[in-house]
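Student: What follows is query_12.cif, mmCIF, C-alpha atoms.
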data_model
#
loop_
_atom_site.label_atom_id
_atom_site.label_comp_id
_atom_site.auth_asym_id
_atom_site.auth_seq_id
_atom_site.Cartn_x
_atom_site.Cartn_y
_atom_site.Cartn_z
CA MET A 136 -33.21 11.37 5.67
CA SER A 137 -34.74 11.15 9.12
CA GLU A 138 -35.43 14.33 11.04
CA MET A 139 -32.64 13.44 13.48
CA ARG A 140 -30.04 12.90 10.77
CA GLU A 141 -31.11 16.04 9.02
CA ARG A 142 -30.69 18.08 12.18
CA ILE A 143 -27.22 16.62 12.84
CA THR A 144 -26.20 17.17 9.22
CA ARG A 145 -27.47 20.75 9.23
CA ARG A 146 -25.49 21.51 12.38
CA ILE A 147 -22.30 19.92 11.05
CA ALA A 148 -22.58 21.89 7.82
CA ARG A 149 -22.08 25.03 9.91
CA GLU A 150 -18.61 23.78 10.91
CA LEU A 151 -17.42 23.82 7.31
CA GLU A 152 -15.67 26.83 5.87
CA ASP A 153 -15.08 28.20 2.40
CA GLY A 154 -12.38 26.18 0.65
CA ASP A 155 -12.44 23.25 3.07
CA VAL A 156 -11.68 19.77 1.74
CA VAL A 157 -14.00 17.39 3.56
CA ASN A 158 -14.58 13.64 3.65
CA LEU A 159 -17.94 12.30 4.78
CA GLY A 160 -17.55 8.76 6.07
CA ILE A 161 -19.86 5.91 5.17
CA GLY A 162 -23.00 6.05 7.25
CA MET A 163 -23.22 9.78 6.84
CA PRO A 164 -25.65 10.82 4.14
CA THR A 165 -24.29 12.49 1.05
CA MET A 166 -24.60 15.93 2.46
CA GLY A 167 -24.59 17.46 -0.99
CA ALA A 168 -25.11 21.10 -1.53
CA ASP A 169 -28.37 21.13 0.38
CA PHE A 170 -26.89 22.10 3.72
CA ILE A 171 -23.92 24.15 2.58
CA PRO A 172 -24.60 27.88 2.26
CA ASP A 173 -24.45 29.15 -1.33
CA ASP A 174 -21.71 31.66 -0.60
CA ILE A 175 -19.07 29.09 0.36
CA ARG A 176 -17.41 26.35 -1.64
CA VAL A 177 -16.68 23.09 0.16
CA ILE A 178 -14.79 20.40 -1.74
CA PHE A 179 -15.92 16.88 -0.88
CA GLN A 180 -13.41 14.05 -1.08
CA SER A 181 -14.50 10.46 -1.52
CA GLU A 182 -11.95 7.89 -0.37
CA ASN A 183 -12.62 5.59 -3.33
CA GLY A 184 -10.78 8.15 -5.41
CA PHE A 185 -11.94 11.66 -6.17
CA VAL A 186 -12.39 15.24 -5.03
CA GLY A 187 -15.22 17.45 -6.18
CA MET A 188 -18.00 15.01 -5.35
CA GLY A 189 -21.43 16.37 -6.21
CA PRO A 190 -24.95 15.26 -5.29
CA ARG A 191 -26.82 12.20 -6.51
CA PRO A 192 -27.63 12.47 -10.24
CA PRO A 193 -31.21 12.56 -11.54
CA LYS A 194 -32.81 9.15 -11.96
CA GLY A 195 -31.62 7.44 -15.12
CA GLU A 196 -28.28 9.28 -15.17
CA GLU A 197 -26.49 7.09 -12.63
CA ASP A 198 -23.11 5.73 -13.76
CA PRO A 199 -21.76 2.54 -12.14
CA ASP A 200 -18.21 3.99 -12.33
CA LEU A 201 -19.23 7.12 -10.44
CA VAL A 202 -20.25 6.18 -6.92
CA ASN A 203 -19.21 7.27 -3.45
CA ALA A 204 -17.47 5.05 -0.89
CA GLY A 205 -20.87 3.73 0.17
CA SER A 206 -21.71 2.64 -3.41
CA GLU A 207 -24.31 5.38 -3.89
CA PRO A 208 -24.44 7.13 -7.30
CA VAL A 209 -22.99 10.63 -7.18
CA THR A 210 -21.71 13.24 -9.63
CA ILE A 211 -18.43 15.07 -10.22
CA LYS A 212 -18.34 18.84 -10.08
CA THR A 213 -16.43 21.16 -12.39
CA GLY A 214 -12.86 21.29 -11.10
CA GLY A 215 -13.07 17.79 -9.64
CA ALA A 216 -10.42 15.11 -10.14
CA PHE A 217 -10.15 11.34 -10.00
CA PHE A 218 -7.13 9.43 -8.68
CA ASP A 219 -6.12 6.02 -7.39
CA SER A 220 -6.31 4.81 -3.80
CA THR A 221 -2.69 5.71 -2.95
CA THR A 222 -3.33 9.36 -3.83
CA SER A 223 -6.66 9.22 -2.04
CA PHE A 224 -4.99 8.13 1.18
CA ALA A 225 -2.11 10.54 0.72
CA ILE A 226 -4.80 13.23 0.84
CA ILE A 227 -6.42 11.64 3.88
CA ARG A 228 -3.32 10.73 5.89
CA GLY A 229 -1.06 13.50 4.71
CA GLY A 230 -2.89 16.40 6.34
CA HIS A 231 -4.69 17.61 3.20
CA LEU A 232 -8.18 17.10 4.60
CA ASP A 233 -9.66 19.90 6.65
CA ALA A 234 -12.36 17.77 8.20
CA THR A 235 -13.92 14.34 8.26
CA VAL A 236 -17.35 13.37 9.54
CA LEU A 237 -17.76 9.86 10.90
CA GLY A 238 -20.41 7.83 12.69
CA ALA A 239 -19.87 6.18 16.08
CA LEU A 240 -20.80 3.10 18.03
CA GLN A 241 -19.15 4.74 21.04
CA VAL A 242 -17.18 7.91 21.64
CA ASP A 243 -15.61 8.98 24.92
CA GLU A 244 -14.39 11.96 26.91
CA GLN A 245 -10.77 11.45 25.82
CA GLY A 246 -11.78 11.79 22.18
CA ASN A 247 -11.54 8.06 21.52
CA LEU A 248 -13.83 6.61 18.87
CA ALA A 249 -15.12 3.05 18.34
CA ASN A 250 -17.01 2.33 15.12
CA TRP A 251 -15.62 -0.73 13.35
CA LYS A 252 -16.21 -3.80 15.43
CA ILE A 253 -18.52 -5.37 18.02
CA PRO A 254 -16.59 -8.53 18.91
CA GLY A 255 -18.61 -11.68 18.24
CA LYS A 256 -21.49 -9.74 16.71
CA LEU A 257 -20.67 -7.27 14.00
CA VAL A 258 -17.34 -6.94 12.25
CA PRO A 259 -17.73 -4.72 9.20
CA GLY A 260 -14.08 -3.64 9.27
CA MET A 261 -12.53 -0.22 9.52
CA GLY A 262 -12.35 0.65 5.82
CA GLY A 263 -10.82 4.12 5.66
CA ALA A 264 -12.00 5.28 9.09
CA MET A 265 -8.69 4.81 10.93
CA ASP A 266 -6.81 6.78 8.28
CA LEU A 267 -9.45 9.51 8.27
CA THR A 268 -9.31 10.01 12.03
CA VAL A 269 -5.51 10.11 12.09
CA GLY A 270 -5.16 12.40 9.10
CA ALA A 271 -7.99 14.91 9.04
CA ARG A 272 -7.38 18.21 10.81
CA GLN A 273 -10.81 18.18 12.38
CA VAL A 274 -12.57 14.92 13.26
CA ILE A 275 -16.31 15.42 13.72
CA VAL A 276 -18.40 12.56 15.07
CA ALA A 277 -22.02 12.54 13.91
CA THR A 278 -24.12 10.19 15.97
CA SER A 279 -27.46 9.62 17.59
CA HIS A 280 -27.11 10.57 21.25
CA THR A 281 -28.06 7.08 22.45
CA THR A 282 -28.34 3.58 20.97
CA LYS A 283 -31.64 2.20 19.68
CA LYS A 284 -32.07 0.72 23.16
CA ASP A 285 -31.59 4.17 24.74
CA GLN A 286 -28.14 3.34 26.08
CA PRO A 287 -25.61 6.21 26.13
CA LYS A 288 -23.06 6.27 23.30
CA ILE A 289 -20.99 9.07 24.82
CA LEU A 290 -19.05 7.33 27.56
CA PRO A 291 -16.30 7.97 30.13
CA GLU A 292 -14.28 5.37 28.21
CA CYS A 293 -15.04 3.31 25.08
CA THR A 294 -15.44 -0.41 25.76
CA LEU A 295 -15.43 -1.53 22.11
CA PRO A 296 -12.23 -1.88 20.04
CA LEU A 297 -11.01 1.60 19.13
CA THR A 298 -10.93 3.14 15.69
CA ALA A 299 -8.97 6.13 16.93
CA LYS A 300 -7.26 7.17 20.12
CA GLY A 301 -7.72 10.79 21.16
CA GLU A 302 -8.48 12.05 17.65
CA VAL A 303 -12.09 13.26 17.97
CA ASP A 304 -12.53 17.05 18.10
CA LEU A 305 -16.28 17.56 18.03
CA ILE A 306 -19.33 15.38 18.78
CA VAL A 307 -22.65 16.37 17.24
CA THR A 308 -25.87 14.59 18.18
CA GLU A 309 -29.54 15.45 17.82
CA LEU A 310 -29.38 16.85 21.38
CA ALA A 311 -25.99 18.41 21.87
CA VAL A 312 -22.65 19.62 20.56
CA PHE A 313 -19.61 18.66 22.65
CA ARG A 314 -16.06 19.82 22.05
CA VAL A 315 -13.33 17.45 23.17
CA THR A 316 -10.77 19.42 25.18
CA GLY A 317 -7.69 18.50 27.18
CA GLN A 318 -9.95 18.69 30.25
CA GLY A 319 -12.68 16.41 28.92
CA LEU A 320 -15.92 17.26 27.16
CA LEU A 321 -17.30 20.77 26.94
CA LEU A 322 -21.01 21.12 26.20
CA GLU A 323 -21.14 24.06 23.79
CA GLU A 324 -24.66 23.82 22.42
CA ILE A 325 -27.92 22.05 23.09
CA ALA A 326 -30.83 21.51 20.74
CA GLU A 327 -33.61 24.04 21.10
CA ASP A 328 -36.07 21.36 22.25
CA THR A 329 -33.96 19.83 25.02
CA THR A 330 -32.49 20.80 28.39
CA VAL A 331 -29.10 20.39 30.02
CA LYS A 332 -30.86 18.01 32.43
CA GLU A 333 -31.96 15.70 29.59
CA VAL A 334 -28.50 15.83 28.00
CA ARG A 335 -26.96 14.88 31.35
CA GLU A 336 -29.38 11.95 31.79
CA LYS A 337 -28.52 10.58 28.37
CA THR A 338 -24.75 11.08 28.53
CA ALA A 339 -22.63 8.64 30.52
CA ALA A 340 -19.49 10.76 30.17
CA GLY A 341 -18.88 13.69 32.44
CA PHE A 342 -18.82 17.13 30.85
CA SER A 343 -18.54 20.78 31.73
CA ILE A 344 -20.86 23.45 30.35
CA ALA A 345 -19.65 26.36 28.26
CA PRO A 346 -20.33 29.72 29.95
CA GLU A 347 -22.01 30.92 26.75
CA LEU A 348 -24.12 27.83 26.09
CA THR A 349 -26.16 28.34 22.93
CA THR A 350 -28.93 26.40 21.18
CA PHE A 351 -29.27 24.97 17.68
CA ALA A 352 -32.35 24.09 15.66
CA MET B 282 5.62 -8.13 -23.78
CA VAL B 283 1.89 -7.86 -23.47
CA LYS B 284 -0.14 -10.76 -24.81
CA ILE B 285 -3.75 -10.43 -25.81
CA VAL B 286 -5.28 -13.74 -24.88
CA ASP B 287 -8.64 -15.47 -24.97
CA LYS B 288 -10.79 -16.81 -22.16
CA GLU B 289 -9.28 -20.28 -22.19
CA GLN B 290 -5.75 -18.90 -21.95
CA ILE B 291 -6.81 -16.75 -19.02
CA LYS B 292 -8.28 -19.75 -17.20
CA GLN B 293 -4.98 -21.58 -17.49
CA LEU B 294 -3.32 -18.86 -15.43
CA PHE B 295 -5.39 -19.76 -12.38
CA ALA B 296 -4.29 -22.43 -9.90
CA GLU B 297 -5.43 -23.83 -6.57
CA GLY B 298 -4.08 -21.97 -3.55
CA GLN B 299 -2.99 -18.84 -5.43
CA ARG B 300 -2.64 -15.44 -3.88
CA LEU B 301 -4.67 -12.95 -5.91
CA MET B 302 -5.00 -9.21 -5.91
CA ILE B 303 -8.29 -8.10 -7.38
CA GLY B 304 -8.96 -4.42 -8.12
CA GLY B 305 -12.19 -2.61 -7.35
CA PHE B 306 -14.02 -0.88 -4.54
CA ILE B 307 -17.23 -2.66 -3.53
CA GLU B 308 -17.71 -3.89 -7.14
CA CYS B 309 -16.93 -0.50 -8.77
CA GLY B 310 -13.91 -1.04 -10.99
CA ALA B 311 -13.73 -4.76 -10.26
CA PRO B 312 -12.77 -7.04 -13.19
CA HIS B 313 -16.07 -8.91 -13.40
CA ARG B 314 -15.24 -10.86 -16.56
CA LEU B 315 -11.97 -12.11 -15.09
CA ILE B 316 -13.80 -13.08 -11.89
CA ASP B 317 -16.28 -15.04 -14.02
CA LEU B 318 -13.38 -16.92 -15.61
CA LEU B 319 -11.82 -17.51 -12.20
CA LEU B 320 -15.11 -18.99 -10.98
CA GLU B 321 -15.44 -21.10 -14.15
CA SER B 322 -11.90 -22.41 -13.74
CA GLY B 323 -13.00 -24.17 -10.56
CA VAL B 324 -9.94 -23.29 -8.47
CA GLY B 325 -10.26 -22.70 -4.75
CA ASN B 326 -8.32 -22.27 -1.50
CA LEU B 327 -7.38 -18.82 -2.76
CA THR B 328 -6.09 -15.83 -0.83
CA LEU B 329 -7.74 -12.57 -1.85
CA ILE B 330 -6.00 -9.23 -1.38
CA GLY B 331 -8.41 -6.40 -2.13
CA ASN B 332 -10.31 -3.54 -0.62
CA ASP B 333 -13.35 -5.62 0.32
CA THR B 334 -15.30 -8.79 -0.55
CA GLY B 335 -17.94 -7.09 -2.71
CA PHE B 336 -21.68 -7.50 -2.39
CA ASP B 337 -23.03 -10.99 -1.70
CA ASP B 338 -25.49 -10.58 -4.61
CA GLN B 339 -22.96 -9.18 -7.09
CA LYS B 340 -19.97 -10.54 -8.98
CA SER B 341 -16.94 -10.04 -6.71
CA GLY B 342 -18.91 -11.33 -3.78
CA GLN B 343 -19.41 -14.69 -5.50
CA LEU B 344 -15.80 -15.66 -4.74
CA VAL B 345 -16.92 -15.81 -1.11
CA VAL B 346 -20.42 -17.15 -1.76
CA GLU B 347 -18.99 -20.01 -3.86
CA LYS B 348 -16.39 -20.67 -1.15
CA ARG B 349 -13.31 -20.20 -3.34
CA LEU B 350 -11.39 -18.27 -0.71
CA SER B 351 -9.60 -19.52 2.38
CA ARG B 352 -8.14 -16.18 3.39
CA VAL B 353 -8.91 -12.54 2.68
CA ILE B 354 -6.73 -9.49 3.36
CA VAL B 355 -9.12 -6.55 3.07
CA SER B 356 -10.23 -3.33 4.77
CA HIS B 357 -13.96 -3.96 4.90
CA ILE B 358 -16.34 -6.94 4.78
CA GLY B 359 -19.60 -5.25 5.81
CA THR B 360 -21.21 -5.40 2.35
CA ASN B 361 -20.98 -9.19 2.07
CA LYS B 362 -22.85 -11.02 4.83
CA GLU B 363 -21.49 -14.37 3.68
CA THR B 364 -17.93 -13.25 4.50
CA GLY B 365 -18.91 -12.65 8.13
CA ARG B 366 -20.76 -15.98 8.32
CA GLN B 367 -17.80 -17.96 6.96
CA MET B 368 -15.46 -16.06 9.27
CA ASN B 369 -17.60 -16.84 12.33
CA ARG B 370 -17.75 -20.54 11.36
CA GLY B 371 -13.96 -20.58 11.07
CA ASP B 372 -14.09 -21.42 7.35
CA LEU B 373 -12.52 -18.18 6.19
CA GLU B 374 -9.55 -16.36 7.65
CA VAL B 375 -10.17 -12.61 7.59
CA GLU B 376 -7.37 -10.12 8.08
CA LEU B 377 -8.72 -6.56 8.35
CA ILE B 378 -6.30 -3.76 7.52
CA PRO B 379 -6.97 0.00 7.42
CA GLN B 380 -7.58 0.93 3.80
CA GLY B 381 -4.76 3.46 3.56
CA THR B 382 -2.33 0.98 5.07
CA LEU B 383 -3.47 -1.81 2.74
CA VAL B 384 -2.94 0.26 -0.38
CA GLU B 385 0.53 1.31 0.81
CA GLN B 386 1.43 -2.32 1.52
CA ILE B 387 0.51 -3.16 -2.06
CA ARG B 388 2.44 -0.17 -3.35
CA ALA B 389 5.46 -1.21 -1.27
CA GLY B 390 5.20 -4.70 -2.77
CA GLY B 391 5.22 -3.31 -6.28
CA ALA B 392 7.81 -0.63 -5.64
CA GLY B 393 10.51 -2.78 -4.08
CA LEU B 394 10.17 -1.30 -0.60
CA GLY B 395 10.61 -3.19 2.64
CA GLY B 396 7.41 -1.68 3.99
CA VAL B 397 6.03 1.68 5.01
CA LEU B 398 5.58 3.45 8.34
CA THR B 399 2.11 4.74 9.10
CA PRO B 400 0.56 6.53 12.09
CA THR B 401 -2.79 4.91 11.26
CA GLY B 402 -3.92 2.45 13.91
CA ILE B 403 -1.71 3.62 16.79
CA GLY B 404 -3.64 3.06 20.03
CA THR B 405 -6.06 0.60 18.39
CA PRO B 406 -6.11 -3.22 18.12
CA VAL B 407 -4.33 -2.88 14.76
CA ALA B 408 -1.17 -1.82 16.61
CA GLU B 409 -1.09 -5.11 18.55
CA GLU B 410 -0.22 -6.97 15.37
CA SER B 411 2.46 -4.61 14.07
CA ARG B 412 5.91 -3.47 15.05
CA THR B 413 6.04 0.09 16.37
CA ILE B 414 8.92 2.26 15.18
CA GLU B 415 9.66 5.73 16.48
CA VAL B 416 10.84 8.36 14.02
CA ASP B 417 11.71 11.85 15.31
CA GLY B 418 9.60 11.35 18.40
CA ARG B 419 6.47 10.10 16.64
CA GLU B 420 5.27 6.51 16.70
CA TYR B 421 4.47 4.62 13.52
CA LEU B 422 3.38 1.10 12.68
CA LEU B 423 5.41 -0.95 10.24
CA ALA B 424 3.25 -2.15 7.35
CA LYS B 425 4.99 -4.86 5.40
CA PRO B 426 4.88 -5.18 1.61
CA LEU B 427 2.25 -7.33 -0.09
CA ARG B 428 2.60 -9.09 -3.42
CA ALA B 429 0.48 -11.61 -5.29
CA ASP B 430 0.85 -14.42 -7.80
CA LEU B 431 -1.68 -12.70 -10.03
CA ALA B 432 -3.16 -9.23 -10.06
CA LEU B 433 -6.54 -8.95 -11.79
CA VAL B 434 -7.10 -5.42 -13.01
CA LYS B 435 -10.03 -3.66 -14.64
CA ALA B 436 -9.24 -0.86 -17.12
CA TRP B 437 -11.44 1.36 -19.21
CA LYS B 438 -9.13 1.39 -22.23
CA ALA B 439 -6.02 -0.63 -22.95
CA ASP B 440 -3.84 -0.25 -26.00
CA ARG B 441 -2.08 -3.21 -27.56
CA ASP B 442 1.07 -2.32 -25.64
CA GLY B 443 -0.80 -2.58 -22.36
CA ASN B 444 -0.99 1.11 -21.55
CA LEU B 445 -4.09 1.68 -19.46
CA LEU B 446 -6.69 4.31 -18.77
CA PHE B 447 -9.21 4.05 -15.96
CA ARG B 448 -12.60 5.71 -15.76
CA TYR B 449 -14.00 7.82 -12.89
CA ALA B 450 -13.97 6.07 -9.51
CA ALA B 451 -13.29 2.69 -11.15
CA ARG B 452 -9.56 3.44 -10.87
CA ASN B 453 -9.20 2.90 -7.08
CA PHE B 454 -6.87 -0.07 -6.33
CA ASN B 455 -6.31 -1.06 -9.98
CA PRO B 456 -3.16 0.93 -10.85
CA VAL B 457 -1.32 0.02 -7.66
CA MET B 458 -2.18 -3.67 -8.01
CA ALA B 459 -0.89 -3.58 -11.58
CA MET B 460 2.56 -3.08 -10.04
CA ALA B 461 2.37 -5.78 -7.37
CA GLY B 462 1.43 -8.99 -9.16
CA ASP B 463 4.00 -11.49 -10.45
CA LYS B 464 1.69 -11.63 -13.45
CA VAL B 465 -0.79 -8.88 -14.24
CA VAL B 466 -3.99 -9.67 -16.09
CA VAL B 467 -6.16 -6.87 -17.46
CA GLU B 468 -9.80 -6.78 -18.45
CA ALA B 469 -10.44 -3.67 -20.53
CA GLU B 470 -13.75 -2.31 -21.72
CA GLU B 471 -12.04 -1.43 -24.95
CA ILE B 472 -8.76 -2.46 -26.58
CA VAL B 473 -7.38 0.17 -28.95
CA PRO B 474 -4.40 0.15 -31.36
CA ALA B 475 -0.97 1.05 -30.00
CA GLY B 476 -0.49 4.80 -30.08
CA GLU B 477 -4.14 5.64 -29.72
CA ILE B 478 -3.73 6.50 -26.04
CA ASP B 479 -1.73 9.71 -25.73
CA PRO B 480 1.49 8.90 -23.79
CA ASN B 481 0.82 12.03 -21.71
CA GLN B 482 -2.45 10.56 -20.50
CA VAL B 483 -1.37 6.98 -19.74
CA MET B 484 -2.30 6.06 -16.16
CA THR B 485 -0.59 2.68 -15.97
CA PRO B 486 2.39 2.08 -18.30
CA GLY B 487 2.09 -1.09 -20.35
CA ILE B 488 5.33 -2.55 -19.05
CA PHE B 489 3.48 -3.62 -15.91
CA VAL B 490 0.91 -5.63 -17.87
CA ASP B 491 1.33 -9.25 -18.95
CA TYR B 492 -2.05 -10.31 -20.33
CA ILE B 493 -5.12 -8.54 -21.66
CA LEU B 494 -8.37 -10.43 -22.06
CA GLN B 495 -9.52 -10.32 -25.64
CA ASN B 496 -12.99 -8.80 -26.03
CA GLY B 497 -12.71 -8.01 -22.35
CA GLY B 498 -15.78 -5.90 -22.01
CA GLU B 499 -18.96 -5.20 -23.87
CA GLY B 500 -18.28 -3.99 -27.36
CA ALA B 501 -14.55 -4.51 -27.05
CA SER B 502 -12.70 -5.51 -30.18
CA VAL B 503 -9.15 -6.05 -31.23
#
What would you get if you wrote out this structure as structure tokens?

Tutor:
Amino acid sequence: MSEMRERITRRIARELEDGDVVNLGIGMPTMGADFIPDDIRVIFQSENGFVGMGPRPPKGEEDPDLVNAGSEPVTIKTGGAFFDSTTSFAIIRGGHLDATVLGALQVDEQGNLANWKIPGKLVPGMGGAMDLTVGARQVIVATSHTTKKDQPKILPECTLPLTAKGEVDLIVTELAVFRVTGQGLLLEEIAEDTTVKEVREKTAAGFSIAPELTTFA
Amino acid sequence: MVKIVDKEQIKQLFAEGQRLMIGGFIECGAPHRLIDLLLESGVGNLTLIGNDTGFDDQKSGQLVVEKRLSRVIVSHIGTNKETGRQMNRGDLEVELIPQGTLVEQIRAGGAGLGGVLTPTGIGTPVAEESRTIEVDGREYLLAKPLRADLALVKAWKADRDGNLLFRYAARNFNPVMAMAGDKVVVEAEEIVPAGEIDPNQVMTPGIFVDYILQNGGEGASV
């Protein structure tokens, strides 16, 4: 995992609470137990059909029938359960997920998310992302702050086809944590090695700054 | 009544232009032996209803690579580059549907429903292709039922009455597709005598199943 991803993952792990049922979308590393404090139990759901997802097994113990939604080998924890795709999406859509973490091509100040299609270029499809954003209580976007070409990904308004309209609650990048509010974005935290000035330069969307702005490592 | 049939009998079920549901989630839980037989049968111009189009270097993906499909109704094509290439050339019609909507459309097809109402996709391009229906002040999209000529299903164990068990994450779309095909064909890793699967544990009742491939998986015997 790159340093950037690790930092984003570590920060997101702090959002999760004891007993939460959480789905990590494709593109997000299998967070595993590494970033979850030992004193809380978080139940990971995988949309291909189980709850109680555990970390990658030791080499040689992979099972082709036990993979996550990104086809990576994983394990099942004690208390876990397998089910078919209708049950999986009843969990996702039916309000039984406390949080989902998804990647972004673009995200905007109204809480809109685009991550399934670049017309004419890349059309992977939405998979379960539209259901996850509609159904999960908290929608957390995990993304690099800018594109590989240093273009802002946090915009006044998404220009790509939307995955979700107004569903995003929190945006976590390697530089900043924004909460999506009825009045636009609120900058709640910045990384310890950046400044509000740098965040502003790299963010196309407008945002206000929380009175008690804190830092994260 | 369930029939246990051999490879040649399976091949005779396939026909040009059929609409097929194929279970699996990016190859996991996909009926690879049945897909082999489908490829061997030489039929094409098929419509695929499934979660995805597999990996271009693995079994399910070969239906695209060998150009057997003219249309796919799936939630994701990102793992098979050939699907995108054929789509961009105009050789393959691709209909992308949110995964939770797709599985409910299949369930509706198998359960005799006229469709389902889902909030998924409201405010996105998906909504432009669906009817919007308001229920108690909330907007939903109408997702119509899907059925298929054949559903190809992968089970872990099948008994001779067609009762099925699935293993780990290989269950995914298989049980719901077993309800939505005019004919349902099962590849099982193991075929066991009737009664060997505890009725309390059956995941798909045998009444949905029409054919089971003999010696379906490695080590399978009848």

Student: Would you translate the PyMOL selection byres ((chain A and resi 339) around 12) into the concrete set of residues it matches in this file, as number ranges by chain?

Tutor: A: 241-244, 280-281, 285-293, 320, 333-338, 340-342

Student: With the file shown as input, list the residues that the PyMOL selection byres ((chain B) within 6 of (chain A)) selects, as a list in words.

Tutor: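 With the shown file as input, the PyMOL selection byres ((chain B) within 6 of (chain A)) matches Cys309, Ser356, His357, Ile358, Gly359, Pro379, Gln380, Gly381, Thr401, Gly404, Thr405, Tyr449, Ala450, Ala451, Arg452, Asn453 and Phe454 of chain B.
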
Student: Would you kindly return, as a list in words, each protein, DNA or RNA residue with an atom no farther than 7 Å from any atom of A:Ile325, considering only C-alpha atoms and excluding same-chain residues fewer than 6 positions away?

Tutor: Leu310, Ala311, Val312, Thr349, Thr350 and Phe351 of chain A

Student: Mind giving me the straight-line distance from atom CA of B:Glu468 to atom CA of B:Ile316 in Å, one decimal?

Tutor: 9.9 Å

Student: One decimal, Å: what's the distance from atom CA of B:Val324 over to atom CA of B:Leu433, could you say?

Tutor: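 Those two atoms sit 15.1 Å apart.
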
Student: At a cut-off of 9 Å, using all atoms listed in the file, what residues contact stretch 370-372 of chain B? Leave out same-chain residues fewer than 6 positions from it and give the result as a PDB file with C-alpha atoms, in the frame of the given file.

Tutor:
ATOM      1  CA  LYS B 348     -16.390 -20.670  -1.150  1.00  0.00           C
ATOM      2  CA  SER B 351      -9.600 -19.520   2.380  1.00  0.00           C
ATOM      3  CA  ARG B 352      -8.140 -16.180   3.390  1.00  0.00           C
TER       4      ARG B 352
END

Student: For the structure shown, which residues end up in the PyMOL selection byres ((chain B and resi 416-421) around 7)? Put them as a compact mmCIF listing (two decimals) with C-alpha atoms, in the coordinates of the input, please?

Tutor:
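Written output follows (expr36.txt):
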# COMPACT_ATOMS: atom_id res chain seq x y z
CA LEU B 398 5.58 3.45 8.34
CA THR B 399 2.11 4.74 9.10
CA PRO B 400 0.56 6.53 12.09
CA THR B 413 6.04 0.09 16.37
CA ILE B 414 8.92 2.26 15.18
CA GLU B 415 9.66 5.73 16.48
CA LEU B 422 3.38 1.10 12.68
CA LEU B 423 5.41 -0.95 10.24

Student: Would you compute the distance between atom CA of B:Leu446 and atom CA of B:Gly476? Give it in Å to one decimal.

Tutor: 12.9 Å

Student: Identify which of the residues B:Val457, B:Leu318, B:Ile285, B:Val355 lies closest to B:Gln343, counting all atoms listed in the file when measuring atom-to-atom distances.

Tutor: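 Once distances to B:Gln343 are computed over all atoms listed in the file, the minimum belongs to B:Leu318.
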